[in-house]
Amino acid sequence: MDRVRTNRRVKTLVASAIPVTWVVVLLLVPYALLLIQSFWRLRNGTLTHELTTENYRRLFGTSLYPATILYSAGVALRVTVFSLLLAFPVAYVLAFKVRKHKTLLYMAVIIPLWVSYVVRAYAWKIILGQQGILNGLLMSMGIIRTPLTVLLYSTAAVVLALTHIYTPFTLMPIYAVLDAIPPALKEASQDLYANRWRTFIHVILPLSLPGVVAGCTFAFVLSMGDFLAPQLLGGNDSALMVSNLVWSLFGVAYNWPLGAAVSVVMLALTLVLLWVAGRVEARGSYGGEARASVTDYAAPV
Amino acid sequence: MTPIVELRGLTKRFGAFTALDGISLAVAAGEFLTVLGASGSGKTTTLRLIAGFDLATEGRILIEGADVAALPPFKRPVNTVFQQYALFPHMSVRDNVGYGLRMQRVPHREIGPRVTEALEMVQLGPFAERAPRQLSGGQQQRVALARAIVNRPRVLLLDEPLGALDLKLRRAMQLELKDLQSKLGITFIYVTHDQEEALTMSDRVALMRGGRIEQLGAPRDLYDRPRSRYVADFIGETNLLPAVANDRDPGMVTVAGPAGPIPVRVEVRADGVRAGIPLWLSVRPESLSVVAAAAPAASGDGAGNSLPATVREIVYAGSVVKLHLALADGTTIVALRSPSDPPFASGSSVQLRWPASQGVLVAD
């Protein structure tokens with residue numbers, strides 16, 4: 001009997017060894033290294049293994065880093081809002097109004113994800129550039145005489161490209177929750193004297209919140225950490241985002257400890273954001289009944 | 001007295017499919033009307049048209065004399081209890097029940113007491129603060145009921161409300177619903193595919209078939225005087241004996257016997273019965289008595305019919321014994337006996353007897 005139990009334990013160990021190893025080697029170790037490195041000291045351009053908090057003091061002491069983080073968050077916030085405004089109506093129509101070819105239309109929305117991200121970001125350069133499609137169109141229509149230079153290399157261009165790139169990520173979870181709402185709930189609401197608008201406000205919107213939160217989290221986290229769009233479309237230094245900064249700290253300035261420190265701060269911010277989003281999502285999907293869930297276990301029916 | 005709900009020539013087509021084919025129906029105030037039918041017969045479509053979830057292709061829907069066919073559901077003075085309850089998962093039981101009142105902008109101080117009253121009516125007072133998913137199926141069903149009746153509708157539409165419950169709970173809820181209906185005086189239009197449920201609860205039953213009303217009447221009428229073979233077969237259990245009409249005597253038909261046709265007397269004939277079309281004699285299992293083949297002819301019952309048959313199987317079902325028998329032409333017959341009756345052996349030859357008043361001659 002004991003042998004059976006031991007056998008099972010061995011099997012469990014072997015089976016869990018692979019994923020555990022995977023997580024440790026590929027995730028925990030790199031993060032640990034990053035964390036340790038952020039406390040190392042750079043002396044005359046040489047990495048020493050002396051522990052110091054200097055990197056963090058410099059990070060929060062100079063205005064550059066907090067300002068860039070704030071600027072990135074601002075860009076990410078705008079991308080999130082625009083993505084949501086674009087994705088929600090499309091997801092709503094797909095989930096409730098489209099009967100035929102639903103999957104096909106959904107795929108049409110999702111397909112851009114299969115096109116290389118670099119290609120999509122670069123496409124905006126072609127559209128917005130001085131010799132670009134937009135300028136050409138505006139000139140041929142006689143609206144402008146000389147090509148506009150403000151289109152490309154601006155925060156607006158970065159926000160536009162990122163919105164384009166991350167809207168499908170926002171759409172997917174919103175569509176998933178909307179599509180899962182039983183049609184009978186809409187009918188029940190209308191049966192109980194709520195018109196379409198009030199049905200949307202009181203039933204559809206609250207039930208879609210978990211998906212909205214998930215979609216917004218995707219858009220925000222992904223665009224806040226984006227590197228390529230600001231590089232290609234942001235142009236000047238003022239339109240650079242945190243990831244560009246980290247890249248230049250590691251690559252150009254060769255200041256790995258400071259780069260690591262910025263990365264750790266970003267990681268921490270992202271984790272906090274994900275945690276908050278998770279909480280909001282959980283509240284949404286359980287109807288905010290924290291109090292009731294306690295009694296649920298205390299007095300099962 | 002004007003009916004509270006009246007349907008006139010109501011038709012619903014989905015593309016080429018006609019779900020509802022010009023039905024007309026008047027429901028009296030306070031009535032418990034059941035719309036009964038197999039799936040695809042149009043019963044749920046009827047309900048959805050009255051509620052306003054689907055719009056009629058043709059015809060009129062009058063509620064208290066006013067044509068509502070063009071109104072959206074939120075402007076119709078009816079409420080619905082849904083098949084899968086359709087409770088709002090993000091709201092507590094209390095908020096679910098109060099939803100209709102809030103949407104009608106009933107004053108706040110009035111909502112609380114009315115919700116409490118409705119919840120107490122369905123015995124869910126202590127569960128007001130729970131989420132729907134924390135309740136059992138039967139409790140969720142009661143919440144759905146409370147959510148509808150709290151609005152004090154003149155007409156309540158119920159779409160197979162007990163369909164998801166187990167048999168015992170369903171039986172208990174049937175009586176409760178009926179009780180609630182007579183207490184509140186609300187008109188119930190109740191959709192079900194369960195004929196037993198329809199017989200138990202309703203004042204009248206509309207049996208649907210292929211988008212039309214096959215027969216409308218009191219449960220007893222449908223059971224005792226089915227208009228067609230379909231009704232006889234759908235309502236309760238019955239035996240259908242292929243019969244041939246007699247040209248000279250309309251009170252007589254012939255049924256297949258071991259040595260040629262045997263004359264049988266019928267007193268009840270449905271509309272549409274005539275010579276030359278396939279006819280059936282419907283006899284309920286409880287109307288048949290089974291006697292030994294050698295027994296003397298029934299005395300005292302001049303109108304009695306008698307038919308030879310062979311016992312095939314004997315099924316003991318507690319309060320009754322079900323005899324499965326075969327007629328000469330192979331038609332299977334079911335008869336009910338009391339467990340205290342003298343038993344027959346399987347394979348024995350017997351006589352089936354029934355009074356002429358208990359057989360109904362029906363066409364297809």
# chains A, B, ... in the order shown; residues from 1 in each chain; ligands from 1
>>> interface_residues(of="chain A", to="chain B", cutoff="6 Å", atoms="only C-alpha atoms", output="JSON, numbers by chain")
{"A": [184, 185, 190, 191, 192, 193, 194, 195, 287, 292]}
>>> residues_around(residues="A:Thr80", least_positions_apart="3", cutoff="10 Å", atoms="only C-alpha atoms", output="PDB file with N, CA and C atoms, in the first residue's frame")
ATOM      1  N   GLY A  74       0.764  57.943 -20.333  1.00  0.00           N
ATOM      2  CA  GLY A  74      -0.182  58.817 -21.025  1.00  0.00           C
ATOM      3  C   GLY A  74      -0.512  58.290 -22.407  1.00  0.00           C
ATOM      4  N   VAL A  75       0.553  57.898 -23.131  1.00  0.00           N
ATOM      5  CA  VAL A  75       0.342  57.319 -24.463  1.00  0.00           C
ATOM      6  C   VAL A  75      -0.516  56.058 -24.343  1.00  0.00           C
ATOM      7  N   ALA A  76      -0.137  55.201 -23.384  1.00  0.00           N
ATOM      8  CA  ALA A  76      -0.856  53.931 -23.202  1.00  0.00           C
ATOM      9  C   ALA A  76      -2.319  54.190 -22.863  1.00  0.00           C
ATOM     10  N   LEU A  77      -2.567  55.211 -22.044  1.00  0.00           N
ATOM     11  CA  LEU A  77      -3.942  55.528 -21.652  1.00  0.00           C
ATOM     12  C   LEU A  77      -4.762  55.943 -22.874  1.00  0.00           C
ATOM     13  N   SER A  83      -8.742  52.348 -28.309  1.00  0.00           N
ATOM     14  CA  SER A  83      -8.973  50.928 -28.626  1.00  0.00           C
ATOM     15  C   SER A  83     -10.343  50.498 -28.127  1.00  0.00           C
ATOM     16  N   LEU A  84     -10.667  50.923 -26.901  1.00  0.00           N
ATOM     17  CA  LEU A  84     -11.949  50.545 -26.311  1.00  0.00           C
ATOM     18  C   LEU A  84     -13.100  51.124 -27.130  1.00  0.00           C
ATOM     19  N   LEU A  85     -12.955  52.411 -27.507  1.00  0.00           N
ATOM     20  CA  LEU A  85     -14.015  53.055 -28.273  1.00  0.00           C
ATOM     21  C   LEU A  85     -14.200  52.385 -29.625  1.00  0.00           C
ATOM     22  N   LEU A  86     -13.111  51.882 -30.194  1.00  0.00           N
ATOM     23  CA  LEU A  86     -13.208  51.183 -31.476  1.00  0.00           C
ATOM     24  C   LEU A  86     -13.711  49.762 -31.294  1.00  0.00           C
ATOM     25  N   VAL A 159       0.366  57.056 -31.084  1.00  0.00           N
ATOM     26  CA  VAL A 159      -0.924  56.627 -30.528  1.00  0.00           C
ATOM     27  C   VAL A 159      -1.766  55.965 -31.611  1.00  0.00           C
ATOM     28  N   LEU A 162      -0.271  52.483 -32.455  1.00  0.00           N
ATOM     29  CA  LEU A 162      -0.474  51.543 -31.352  1.00  0.00           C
ATOM     30  C   LEU A 162      -1.948  51.160 -31.217  1.00  0.00           C
ATOM     31  N   THR A 163      -2.823  52.140 -31.447  1.00  0.00           N
ATOM     32  CA  THR A 163      -4.258  51.839 -31.392  1.00  0.00           C
ATOM     33  C   THR A 163      -4.608  50.812 -32.463  1.00  0.00           C
ATOM     34  N   TYR A 166      -3.124  47.360 -31.324  1.00  0.00           N
ATOM     35  CA  TYR A 166      -3.624  46.674 -30.126  1.00  0.00           C
ATOM     36  C   TYR A 166      -5.142  46.600 -30.016  1.00  0.00           C
ATOM     37  N   THR A 167      -5.872  47.228 -30.939  1.00  0.00           N
ATOM     38  CA  THR A 167      -7.340  47.136 -30.873  1.00  0.00           C
ATOM     39  C   THR A 167      -7.853  45.693 -30.933  1.00  0.00           C
ATOM     40  N   THR A 170      -7.939  44.229 -27.622  1.00  0.00           N
ATOM     41  CA  THR A 170      -9.026  44.733 -26.791  1.00  0.00           C
ATOM     42  C   THR A 170     -10.338  44.079 -27.194  1.00  0.00           C
ATOM     43  N   GLY A 215      -9.534  43.551 -21.803  1.00  0.00           N
ATOM     44  CA  GLY A 215      -9.131  44.186 -23.054  1.00  0.00           C
ATOM     45  C   GLY A 215      -8.331  45.447 -22.818  1.00  0.00           C
ATOM     46  N   CYS A 216      -8.788  46.266 -21.873  1.00  0.00           N
ATOM     47  CA  CYS A 216      -8.079  47.503 -21.555  1.00  0.00           C
ATOM     48  C   CYS A 216      -6.701  47.202 -20.972  1.00  0.00           C
ATOM     49  N   THR A 217      -6.630  46.156 -20.161  1.00  0.00           N
ATOM     50  CA  THR A 217      -5.334  45.788 -19.577  1.00  0.00           C
ATOM     51  C   THR A 217      -4.358  45.397 -20.681  1.00  0.00           C
ATOM     52  N   PHE A 218      -4.856  44.592 -21.624  1.00  0.00           N
ATOM     53  CA  PHE A 218      -4.015  44.226 -22.771  1.00  0.00           C
ATOM     54  C   PHE A 218      -3.485  45.477 -23.457  1.00  0.00           C
ATOM     55  N   ALA A 219      -4.405  46.362 -23.855  1.00  0.00           N
ATOM     56  CA  ALA A 219      -4.030  47.542 -24.624  1.00  0.00           C
ATOM     57  C   ALA A 219      -3.038  48.398 -23.837  1.00  0.00           C
ATOM     58  N   PHE A 220      -3.322  48.592 -22.544  1.00  0.00           N
ATOM     59  CA  PHE A 220      -2.480  49.478 -21.743  1.00  0.00           C
ATOM     60  C   PHE A 220      -1.097  48.880 -21.528  1.00  0.00           C
ATOM     61  N   VAL A 221      -1.056  47.644 -21.053  1.00  0.00           N
ATOM     62  CA  VAL A 221       0.233  47.028 -20.720  1.00  0.00           C
ATOM     63  C   VAL A 221       1.091  46.853 -21.971  1.00  0.00           C
ATOM     64  N   LEU A 222       0.469  46.390 -23.050  1.00  0.00           N
ATOM     65  CA  LEU A 222       1.238  46.142 -24.260  1.00  0.00           C
ATOM     66  C   LEU A 222       1.743  47.445 -24.874  1.00  0.00           C
ATOM     67  N   SER A 223       0.895  48.487 -24.907  1.00  0.00           N
ATOM     68  CA  SER A 223       1.353  49.717 -25.547  1.00  0.00           C
ATOM     69  C   SER A 223       2.308  50.484 -24.640  1.00  0.00           C
ATOM     70  N   MET A 224       2.154  50.350 -23.334  1.00  0.00           N
ATOM     71  CA  MET A 224       3.082  51.037 -22.427  1.00  0.00           C
ATOM     72  C   MET A 224       4.489  50.461 -22.589  1.00  0.00           C
TER      73      MET A 224
END
>>> closest_atom_pairs(of="stretch 173-256 of chain A", to="stretch 109-128 of chain A", cutoff="9 Å", atoms="only C-alpha atoms", output="CSV")
residue,atom,partner,partner_atom,distance
A:Leu228,CA,A:Val118,CA,7.4
A:Ala229,CA,A:Ala121,CA,5.9
A:Leu232,CA,A:Tyr122,CA,7.1
A:Leu233,CA,A:Lys125,CA,6.5
>>> write_last_selection(atoms="N, CA, C and O atoms", output="short mmCIF file (atom, residue, chain, number, x, y, z; two decimals), in the first residue's frame")
data_model
loop_
_atom_site.label_atom_id
_atom_site.label_comp_id
_atom_site.auth_asym_id
_atom_site.auth_seq_id
_atom_site.Cartn_x
_atom_site.Cartn_y
_atom_site.Cartn_z
N LEU A 228 8.76 49.54 -30.68
CA LEU A 228 8.98 49.74 -32.11
C LEU A 228 8.23 50.95 -32.64
O LEU A 228 8.81 51.75 -33.40
N ALA A 229 6.96 51.12 -32.24
CA ALA A 229 6.17 52.22 -32.78
C ALA A 229 6.79 53.58 -32.45
O ALA A 229 6.96 54.41 -33.34
N LEU A 232 9.89 53.97 -34.66
CA LEU A 232 9.65 54.20 -36.08
C LEU A 232 8.89 55.50 -36.33
O LEU A 232 9.15 56.21 -37.28
N LEU A 233 7.92 55.78 -35.48
CA LEU A 233 6.98 56.86 -35.77
C LEU A 233 7.10 58.05 -34.82
O LEU A 233 6.57 59.11 -35.09
#
>>> closest_residue(among="A:Pro257, A:Ala108, A:Val24, A:Val158", to="A:His49", atoms="only C-alpha atoms")
A:Pro257
>>> residues_around(residues="B:Leu124", least_positions_apart="2", cutoff="10 Å", atoms="only C-alpha atoms", output="count of residues only")
17
>>> residues_around(residues="stretch 343-351 of chain B", least_positions_apart="2", cutoff="9 Å", atoms="only C-alpha atoms", output="ChimeraX atom specification")
/B:289-295,306-314,325,339-341,353
>>> atom_distance(atom1="atom CA of B:Ile149", atom2="atom CA of B:Ile111")
13.1 Å
>>> residues_around(residues="stretch 172-176 of chain B", least_positions_apart="6", cutoff="9 Å", atoms="only C-alpha atoms", output="list in words")
Val122, Gly138, Leu162, Glu197, Thr200 and Met201 of chain B
>>> write_last_selection(atoms="all heavy atoms", output="tab-separated table (two decimals), in the first residue's frame")
chain	number	residue	atom	x	y	z
B	122	VAL	N	-43.08	33.64	-2.56
B	122	VAL	CA	-42.46	32.42	-3.10
B	122	VAL	C	-41.52	31.78	-2.08
B	122	VAL	O	-40.66	30.97	-2.42
B	122	VAL	CB	-41.72	32.70	-4.43
B	122	VAL	CG1	-42.69	33.14	-5.50
B	122	VAL	CG2	-40.63	33.73	-4.23
B	138	GLY	N	-34.67	25.00	-8.25
B	138	GLY	CA	-36.02	25.30	-7.81
B	138	GLY	C	-36.14	26.70	-7.23
B	138	GLY	O	-37.12	27.41	-7.47
B	162	LEU	N	-41.11	24.92	-15.61
B	162	LEU	CA	-40.70	23.82	-14.73
B	162	LEU	C	-39.87	22.79	-15.46
B	162	LEU	O	-39.51	21.75	-14.91
B	162	LEU	CB	-41.95	23.15	-14.12
B	162	LEU	CG	-42.93	24.11	-13.44
B	162	LEU	CD1	-44.12	23.34	-12.89
B	162	LEU	CD2	-42.26	24.89	-12.33
B	197	GLU	N	-48.79	17.87	-17.19
B	197	GLU	CA	-48.76	19.18	-16.58
B	197	GLU	C	-49.95	20.02	-17.05
B	197	GLU	O	-50.62	20.68	-16.26
B	197	GLU	CB	-47.45	19.87	-16.98
B	197	GLU	CG	-46.99	20.96	-16.05
B	197	GLU	CD	-45.53	21.27	-16.31
B	197	GLU	OE1	-44.68	20.52	-15.80
B	197	GLU	OE2	-45.24	22.24	-17.01
B	200	THR	N	-53.19	18.81	-15.42
B	200	THR	CA	-53.24	19.08	-13.99
B	200	THR	C	-53.59	20.53	-13.69
B	200	THR	O	-54.33	20.81	-12.76
B	200	THR	CB	-51.87	18.79	-13.34
B	200	THR	OG1	-51.39	17.56	-13.85
B	200	THR	CG2	-51.97	18.72	-11.84
B	201	MET	N	-52.99	21.46	-14.45
B	201	MET	CA	-53.02	22.85	-14.02
B	201	MET	C	-54.06	23.73	-14.69
B	201	MET	O	-54.50	24.71	-14.12
B	201	MET	CB	-51.63	23.48	-14.26
B	201	MET	CG	-50.51	22.72	-13.58
B	201	MET	SD	-48.90	23.33	-14.09
B	201	MET	CE	-48.84	24.86	-13.18
>>> residues_around(residues="stretch 262-272 of chain A", least_positions_apart="2", cutoff="9 Å", atoms="only C-alpha atoms", output="PyMOL selection string")
chain A and resi 31+34-35+38+55-56+59+65+69+221+225+242-243+245-246+257-260+274-277
>>> atom_distance(atom1="atom CA of B:Lys178", atom2="atom CA of B:Gly137")
19.2 Å
>>> select_by_dssp(residues="stretch 52-280 of chain B", states="helix (DSSP H, G or I)", output="MDAnalysis selection string")
chainID B and resid 73:75 93:103 108:121 125:127 132:134 137:149 167:184 195:201 219:224 229:234
>>> residues_around(residues="A:Arg41", least_positions_apart="6", cutoff="7 Å", atoms="only C-alpha atoms", output="PDB file with N, CA, C and O atoms, in the first residue's frame")
ATOM      1  N   LEU A  47      31.155  47.188 -14.823  1.00  0.00           N
ATOM      2  CA  LEU A  47      30.179  46.589 -13.923  1.00  0.00           C
ATOM      3  C   LEU A  47      30.892  45.992 -12.722  1.00  0.00           C
ATOM      4  O   LEU A  47      31.839  45.211 -12.874  1.00  0.00           O
ATOM      5  N   THR A  48      30.495  46.390 -11.516  1.00  0.00           N
ATOM      6  CA  THR A  48      31.029  45.745 -10.320  1.00  0.00           C
ATOM      7  C   THR A  48      29.884  45.069  -9.595  1.00  0.00           C
ATOM      8  O   THR A  48      28.717  45.430  -9.800  1.00  0.00           O
ATOM      9  N   HIS A  49      30.211  44.103  -8.773  1.00  0.00           N
ATOM     10  CA  HIS A  49      29.162  43.369  -8.074  1.00  0.00           C
ATOM     11  C   HIS A  49      28.895  43.931  -6.688  1.00  0.00           C
ATOM     12  O   HIS A  49      28.357  43.253  -5.833  1.00  0.00           O
ATOM     13  N   GLU A  50      29.269  45.178  -6.484  1.00  0.00           N
ATOM     14  CA  GLU A  50      28.951  45.846  -5.210  1.00  0.00           C
ATOM     15  C   GLU A  50      27.461  46.165  -5.199  1.00  0.00           C
ATOM     16  O   GLU A  50      26.915  46.633  -6.195  1.00  0.00           O
ATOM     17  N   LEU A  51      26.807  45.912  -4.078  1.00  0.00           N
ATOM     18  CA  LEU A  51      25.383  46.215  -3.990  1.00  0.00           C
ATOM     19  C   LEU A  51      25.182  47.673  -3.618  1.00  0.00           C
ATOM     20  O   LEU A  51      25.877  48.219  -2.754  1.00  0.00           O
ATOM     21  N   THR A  52      24.226  48.326  -4.326  1.00  0.00           N
ATOM     22  CA  THR A  52      23.954  49.729  -4.052  1.00  0.00           C
ATOM     23  C   THR A  52      22.520  50.053  -4.444  1.00  0.00           C
ATOM     24  O   THR A  52      21.934  49.384  -5.292  1.00  0.00           O
ATOM     25  N   PRO A 257      22.943  48.215 -15.051  1.00  0.00           N
ATOM     26  CA  PRO A 257      22.244  48.298 -13.751  1.00  0.00           C
ATOM     27  C   PRO A 257      21.082  49.300 -13.782  1.00  0.00           C
ATOM     28  O   PRO A 257      19.994  48.992 -13.306  1.00  0.00           O
TER      29      PRO A 257
END
>>> select_by_dssp(residues="stretch 52-190 of chain B", states="strand (DSSP E or B)", output="ChimeraX atom specification")
/B:58-63,66-67,78-81,155-159,187-190
>>> atom_distance(atom1="atom CA of B:Asp179", atom2="atom CA of B:Val150")
16.3 Å
